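Below is one structure, written out as structure tokens; comments come after it.
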Amino acid sequence: MIANETTEKRATRSLPILHETTAPAAFNPSSELADLEAELKQFERDEHKRLGLPAQDRHWRDAMIDPQFTKSERANTTLLVSGLTAAHDHLVKSALRGLGYNVEVIDVPDNDALRYGKEFGNRGQCNPTYFTVGNLVKHLTDRCRDEAITPAEAVKKYVFLTAGACGPCRFGMYATEYRKALRDSGFDGFRVMLFQQQGGLAQATGQESGLEFTPKFFIGLLLALMAGDVMNGMGYRIRPFEVEPGSTDRALARAREHVQNALANRKFLPFALWRARKELASIKCDFTRPAPRVSIIGEFWAMTTEGDGNYKLQRFLEQEGAECDVQLVTNWILYNVWEARYDARARAYLRGQDQAKASLTAKAERVELHRATLVAADIALRLVFQSFARLTGFPGYHLPDMDEIASVAHEHYDNRLRGGEGHMEVGKFILNVLRNKSHMTLSVKPFGCMPSSGISDGVQSLITARFPQSLFCAIETSGDGKVNVQSRVQMSVFKARQKAQTEYQETLDRLGVTREQVQAFFAAHPRYASPLHRSPHGGAGTAVDRLVEVAPMIGKSPLQVRAIEARLHGERVVHSARGLLQKAVRGAKDLRAQSGPLVTRLKSVLNRPAAAPSPVPPSPEADKPAPVRSAKLSVVHAEHL
Ligand code: SF4
């Protein structure tokens, strides 16, 4: 309560009290607000006086938009990196070391980092901002204490490297937020270096810059991120089925060392990935255990981090016996490329209005070249990722088809809405259900996140109503309420586990085999029990996939097994070839149906926007207004009408 408040003033702010007979003073919102503002100002002045602080009437402005880090400082300066998973951060560190930088990884943010973030950050930020900003302040504070250096020395010695973007959500304000919190915590002038997420490979910073955003720099980063994705993907795929607890983590640590050494010493990366494969191949697994597969979607940072930012969600799910199907950083990069492709196509028709290089104001061939470059970038990313995945023993991971996700989501979440995951969260959830890709979908949305609030609270409710068979759980991460969140997740995982067990038992019954027979088959044919083997899609869970693949071979001689394998392989090849042929025939028919020169017709076929009908079934129930949830609330509401 503000000191020296008069009884009269307090009365003006009093809200009406139920059953009170005396009429309260008339409520005047604008004078109320003015009173409060004046009192707060006075309170601030008094506090400044009491604490002996100089009066501050000027707003803070970011004076570090172009921080200087010169080449001559490079030898004595350490780049700090953080923000993704431990595997990604350490591989990025190795890649940058390979380019000649001193690099240090900041640990994954924890609740202490959140406390620092809340103390020094602006009010009303989203949860990832508090965690990441607070983590940097915490790290620098710890460094000053451990190395016995002053904040000014820390400002000279360290530089923070992070991704930046124009937003449109709070992501666009991260860098300023970092600088503001650093100033308030005593690290004024600390250099936060940004590379723009959508800036492509041409973000050179000049000859004398300490940090050179050259193609070499970005290629090194991309390779490190993709290698990190493959390592993480392998871990989540194998860990739920390991026989000896901890064996996957130990093998992954050894595997990561091979890759880190190759990146840091600029050795041949494919060879290191091959050595990593050998480490992972030694893990003993039991693939007759029907673990529920949980697809984790949601806001990028909140679903990716492995610390308190999402209550260590992935490890918690694994403790509950689930297999996590995580979204990889490569998916995010592909989404960025998709955004650029989509915008280039839309802007190409803004003749005379748009000055960007993908507009028709630019020469037509330049527009086409720009779009062709983006298509080539998409293909190149996929090729590199799949090569890494094959080498490491991570086959069968399908990178999402961004056009398909956009197409299925568009009716419910406009493709032009950006920020956070955009339409991806909706599209992924729909595809999870339609393709039976998981037993449960878990959406992680940070407290205070602008894009997530619309998706999980609004759009996903409609989708779940239209797919009543889906198991969807949305959680909000705020740093506190861990027990509540985990208990909600636990309840949903319980249902998912039941689904997985029922699915496995029904598949055993349908195929006429027993679990003991499957185990005996795996013992006799270890390549099917290998953690590096991936069976074709047979159901929502990994155990069912393997069961469907091996069931026709159970009880057969080795020669018959070989014959079945050859037949199945042939069927897969024919299936893929048929798909490609159908696409080619459709394209040829479209071309024939048009008139004009071949190049114009080809362009119109390639440029045509996808017009797929919505795969979400209509439901009259879903569009009804939500029922009044609390009878008590409705009574109160009626009384005051
Ligand atoms: S997507 Fe949400 S949580 Fe992520 S930066 Fe934007 S506002 Fe924050």
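In the structure tokens, the first chain shown is A, the next is B, and so on; residue numbers restart at 1 for each chain, and ligands run from 1 in the order shown.
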Give me the residues of chain A that have any atom at most 8 Å from an atom of ligand 1; for each, the nearest atom pair and the distance in Å, rounded to one decimal. Use only C-alpha atoms and all ligand atoms, sort by chain and number, and format it as a tab-separated table.
residue	atom	partner	partner_atom_place_in_ligand_line	distance
A:Gln125	CA	ligand 1	8 (Fe)	7.3
A:Cys126	CA	ligand 1	8 (Fe)	4.7
A:Asn127	CA	ligand 1	3 (S)	6.2
A:Pro128	CA	ligand 1	3 (S)	5.5
A:Thr129	CA	ligand 1	8 (Fe)	6.4
A:Gly167	CA	ligand 1	6 (Fe)	7.2
A:Pro168	CA	ligand 1	6 (Fe)	7.5
A:Cys169	CA	ligand 1	6 (Fe)	4.3
A:Arg170	CA	ligand 1	7 (S)	4.6
A:Phe171	CA	ligand 1	5 (S)	4.0
A:Gly172	CA	ligand 1	5 (S)	7.7
A:Tyr174	CA	ligand 1	5 (S)	7.8
A:Glu299	CA	ligand 1	1 (S)	5.6
A:Phe300	CA	ligand 1	4 (Fe)	6.6
A:Trp301	CA	ligand 1	4 (Fe)	6.5
A:Ala302	CA	ligand 1	3 (S)	7.3
A:Gly419	CA	ligand 1	1 (S)	5.7
A:Gly420	CA	ligand 1	1 (S)	3.3
A:Glu421	CA	ligand 1	1 (S)	6.7
A:Lys445	CA	ligand 1	3 (S)	7.3
A:Pro446	CA	ligand 1	3 (S)	5.5
A:Phe447	CA	ligand 1	3 (S)	7.5
A:Gly448	CA	ligand 1	7 (S)	6.7
A:Cys449	CA	ligand 1	2 (Fe)	3.6
A:Met450	CA	ligand 1	7 (S)	4.7
A:Pro451	CA	ligand 1	2 (Fe)	5.6
A:Ser452	CA	ligand 1	2 (Fe)	6.1
* **Members of region 404-509 of chain A assigned helix (DSSP H, G or I) by DSSP, as an NGL selection string** => :A and (404-409 or 424-434 or 450-466 or 482-509)
* **Contact residues around Arg416 (chain A) with only C-alpha atoms at 12 Å, ignoring same-chain residues under 5 positions, as a list of chain:residue names** =>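 Non-adjacent residues within range: A:Pro168, A:Trp338, A:Glu339, A:Ala340, A:Tyr342, A:Asp343, A:Ala346, A:Ala406, A:Ser407, A:Ala409, A:His410, A:Glu411, A:Glu421, A:Gly422, A:His423, A:Met424.
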Please write the residues from the selection above to a file, keeping C-alpha atoms, as a short mmCIF file (atom, residue, chain, number, x, y, z; two decimals), in the first residue's frame.
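Final output, selection34.cif:
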data_model
loop_
_atom_site.label_atom_id
_atom_site.label_comp_id
_atom_site.auth_asym_id
_atom_site.auth_seq_id
_atom_site.Cartn_x
_atom_site.Cartn_y
_atom_site.Cartn_z
CA PRO A 168 6.79 -10.49 -35.86
CA TRP A 338 9.30 -22.26 -47.27
CA GLU A 339 8.37 -18.81 -45.94
CA ALA A 340 10.81 -17.17 -48.35
CA TYR A 342 5.83 -18.46 -50.36
CA ASP A 343 6.56 -14.74 -50.05
CA ALA A 346 3.14 -13.76 -53.61
CA ALA A 406 0.74 -25.46 -45.29
CA SER A 407 -2.03 -26.92 -47.40
CA ALA A 409 -3.39 -26.16 -42.09
CA HIS A 410 -4.44 -23.24 -44.27
CA GLU A 411 -8.19 -23.54 -43.76
CA GLU A 421 5.55 -21.84 -35.61
CA GLY A 422 2.95 -20.12 -37.80
CA HIS A 423 0.54 -22.65 -39.27
CA MET A 424 2.96 -25.55 -38.68
#
* Looking at A:Pro290, A:Gly298, A:Pro109, A:Pro151, which one is nearest to Val133 (chain A), with distances taken over only C-alpha atoms? -> A:Pro109
* Pick from A:Arg435, A:Arg578, A:Glu476, A:Cys285, whichever lies nearest to Gly539 (chain A) using only C-alpha atoms -> A:Arg435
* **Contacts of Gln486 (chain A) at 9 Å (only C-alpha atoms; same-chain gap of 3+ positions) as a PyMOL selection string** => chain A and resi 311+313+316+481-483+489-491
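Counting only C-alpha atoms, Val426 (chain A) has the following residues at most 8 Å away, ignoring those fewer than 6 positions along the same chain: Ala409, His412, Tyr413, Ile455, Val459 and Gln460 of chain A.
Take CA of Leu280 (chain A) and CA of Glu571 (chain A): the distance between them is 29.3 Å.
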Can I get the residues of region 326-413 of chain A within 12 Å of region 275-278 of chain A, each with the closest pair of atoms and their distance in Å to one decimal, using only C-alpha atoms, sorted chain first then ascending number, as JSON lines?
{"residue": "A:Phe388", "atom": "CA", "partner": "A:Arg277", "partner_atom": "CA", "distance": 10.4}
{"residue": "A:Ala389", "atom": "CA", "partner": "A:Arg277", "partner_atom": "CA", "distance": 9.7}
{"residue": "A:Arg390", "atom": "CA", "partner": "A:Arg277", "partner_atom": "CA", "distance": 9.3}
{"residue": "A:Leu391", "atom": "CA", "partner": "A:Arg277", "partner_atom": "CA", "distance": 7.0}
{"residue": "A:Thr392", "atom": "CA", "partner": "A:Arg277", "partner_atom": "CA", "distance": 4.5}
{"residue": "A:Gly393", "atom": "CA", "partner": "A:Arg277", "partner_atom": "CA", "distance": 5.7}
{"residue": "A:Phe394", "atom": "CA", "partner": "A:Arg277", "partner_atom": "CA", "distance": 8.8}
{"residue": "A:Pro395", "atom": "CA", "partner": "A:Arg277", "partner_atom": "CA", "distance": 11.5}
Output of the above residues as a short mmCIF file (atom, residue, chain, number, x, y, z; two decimals), in the first residue's frame, restricted to N, CA and C atoms:
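The result, stored in selection32.cif:
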data_model
loop_
_atom_site.label_atom_id
_atom_site.label_comp_id
_atom_site.auth_asym_id
_atom_site.auth_seq_id
_atom_site.Cartn_x
_atom_site.Cartn_y
_atom_site.Cartn_z
N PHE A 388 23.54 -37.45 -43.79
CA PHE A 388 23.99 -37.57 -42.40
C PHE A 388 23.21 -38.69 -41.69
N ALA A 389 21.90 -38.69 -41.93
CA ALA A 389 21.05 -39.68 -41.25
C ALA A 389 21.43 -41.10 -41.67
N ARG A 390 21.65 -41.31 -42.95
CA ARG A 390 22.02 -42.65 -43.44
C ARG A 390 23.35 -43.07 -42.86
N LEU A 391 24.31 -42.14 -42.86
CA LEU A 391 25.65 -42.49 -42.37
C LEU A 391 25.63 -42.85 -40.89
N THR A 392 24.80 -42.16 -40.13
CA THR A 392 24.79 -42.38 -38.67
C THR A 392 23.88 -43.54 -38.28
N GLY A 393 23.08 -44.03 -39.21
CA GLY A 393 22.17 -45.12 -38.87
C GLY A 393 20.85 -44.59 -38.38
N PHE A 394 20.39 -43.51 -38.98
CA PHE A 394 19.10 -42.90 -38.59
C PHE A 394 18.20 -42.87 -39.84
N PRO A 395 17.89 -44.06 -40.40
CA PRO A 395 17.13 -44.05 -41.65
C PRO A 395 15.65 -43.87 -41.38
#
* To do: Mind checking which residues fall within 12 Å of Ile283 (chain A), counting only C-alpha atoms, ignoring those fewer than 2 positions away in the same chain, and posting them as an NGL selection string?
  => :A and (234-235 or 237-252 or 277-281 or 285-286 or 526 or 529-532)
* To do: Tell me which of A:Phe131, A:Phe213, A:Phe190, A:Trp332 sits closest to Leu225 (chain A), counting only C-alpha atoms.
  =>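 Ranking A:Phe131, A:Phe213, A:Phe190, A:Trp332 by distance to Leu225 (chain A), first place goes to A:Trp332.
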* To do: Would you mind writing down, as a ChimeraX atom specification, each residue of region 14-164 of chain A that DSSP on the backbone assigns to strand (DSSP E or B)?
  => /A:70,78-81,102-105,158-164
* With only C-alpha atoms as the basis for distance, which of A:Lys118, A:Lys495, A:Arg254, A:Lys312 is at the shortest distance from Leu273 (chain A)? ->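 Ranked by minimum distance to Leu273 (chain A), first place goes to A:Arg254.
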* Nearest to Arg382 (chain A), chosen from A:Trp274, A:Phe218, A:Leu223, A:Leu431, with only C-alpha atoms counted in the distances ->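 Closest to Arg382 (chain A), using only C-alpha atoms: A:Leu223.
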* Coordinates-based distance that separates CA of Asn336 (chain A) from CA of Asp401 (chain A) (Å, one decimal) ->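 The value is 12.9 Å.
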Shell of 12 Å around Leu96 (chain A), only C-alpha atoms, local chain residues under 5 positions omitted, as an mmCIF file with C-alpha atoms, in the first residue's frame:
data_model
loop_
_atom_site.group_PDB
_atom_site.id
_atom_site.type_symbol
_atom_site.label_atom_id
_atom_site.label_comp_id
_atom_site.auth_asym_id
_atom_site.auth_seq_id
_atom_site.Cartn_x
_atom_site.Cartn_y
_atom_site.Cartn_z
ATOM 1 C CA THR A 78 35.345 -15.701 -26.303
ATOM 2 C CA LEU A 79 32.087 -16.220 -28.155
ATOM 3 C CA LEU A 80 29.264 -17.455 -25.957
ATOM 4 C CA VAL A 81 26.682 -19.702 -27.624
ATOM 5 C CA ASP A 89 25.282 -26.110 -28.736
ATOM 6 C CA HIS A 90 28.398 -28.273 -28.345
ATOM 7 C CA LEU A 91 28.533 -29.148 -32.036
ATOM 8 C CA TYR A 101 37.074 -18.686 -32.793
ATOM 9 C CA ASN A 102 37.317 -19.155 -29.026
ATOM 10 C CA VAL A 103 33.909 -20.491 -28.052
ATOM 11 C CA GLU A 104 32.177 -21.393 -24.813
ATOM 12 C CA VAL A 105 28.764 -23.006 -24.372
ATOM 13 C CA LEU A 161 26.280 -14.836 -30.523
ATOM 14 C CA LEU A 211 32.943 -12.183 -36.663
ATOM 15 C CA GLU A 212 32.750 -12.933 -40.347
ATOM 16 C CA PHE A 213 29.309 -14.058 -41.508
ATOM 17 C CA LYS A 216 31.899 -20.878 -44.612
ATOM 18 C CA PHE A 217 30.480 -19.683 -41.290
ATOM 19 C CA PHE A 218 26.882 -20.551 -42.219
ATOM 20 C CA ILE A 219 27.763 -23.887 -43.796
ATOM 21 C CA GLY A 220 29.682 -24.821 -40.638
ATOM 22 C CA LEU A 221 26.654 -23.858 -38.533
ATOM 23 C CA LEU A 222 24.246 -25.801 -40.735
ATOM 24 C CA LEU A 223 26.388 -28.951 -40.663
ATOM 25 C CA ALA A 224 26.670 -28.729 -36.875
ATOM 26 C CA LEU A 225 22.911 -28.235 -36.464
ATOM 27 C CA GLN A 260 32.915 -32.734 -32.429
ATOM 28 C CA ASN A 261 36.551 -33.666 -33.122
ATOM 29 C CA ALA A 262 35.889 -33.739 -36.852
ATOM 30 C CA LEU A 263 34.207 -30.316 -36.795
ATOM 31 C CA ALA A 264 36.820 -28.696 -34.559
ATOM 32 C CA ASN A 265 39.783 -30.071 -36.521
ATOM 33 C CA ARG A 266 38.105 -29.707 -39.931
#
* What separation in Å, quoted to one decimal, exists between CA of Glu425 (chain A) and CA of Asn111 (chain A)? ->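 So the answer is 26.4 Å.
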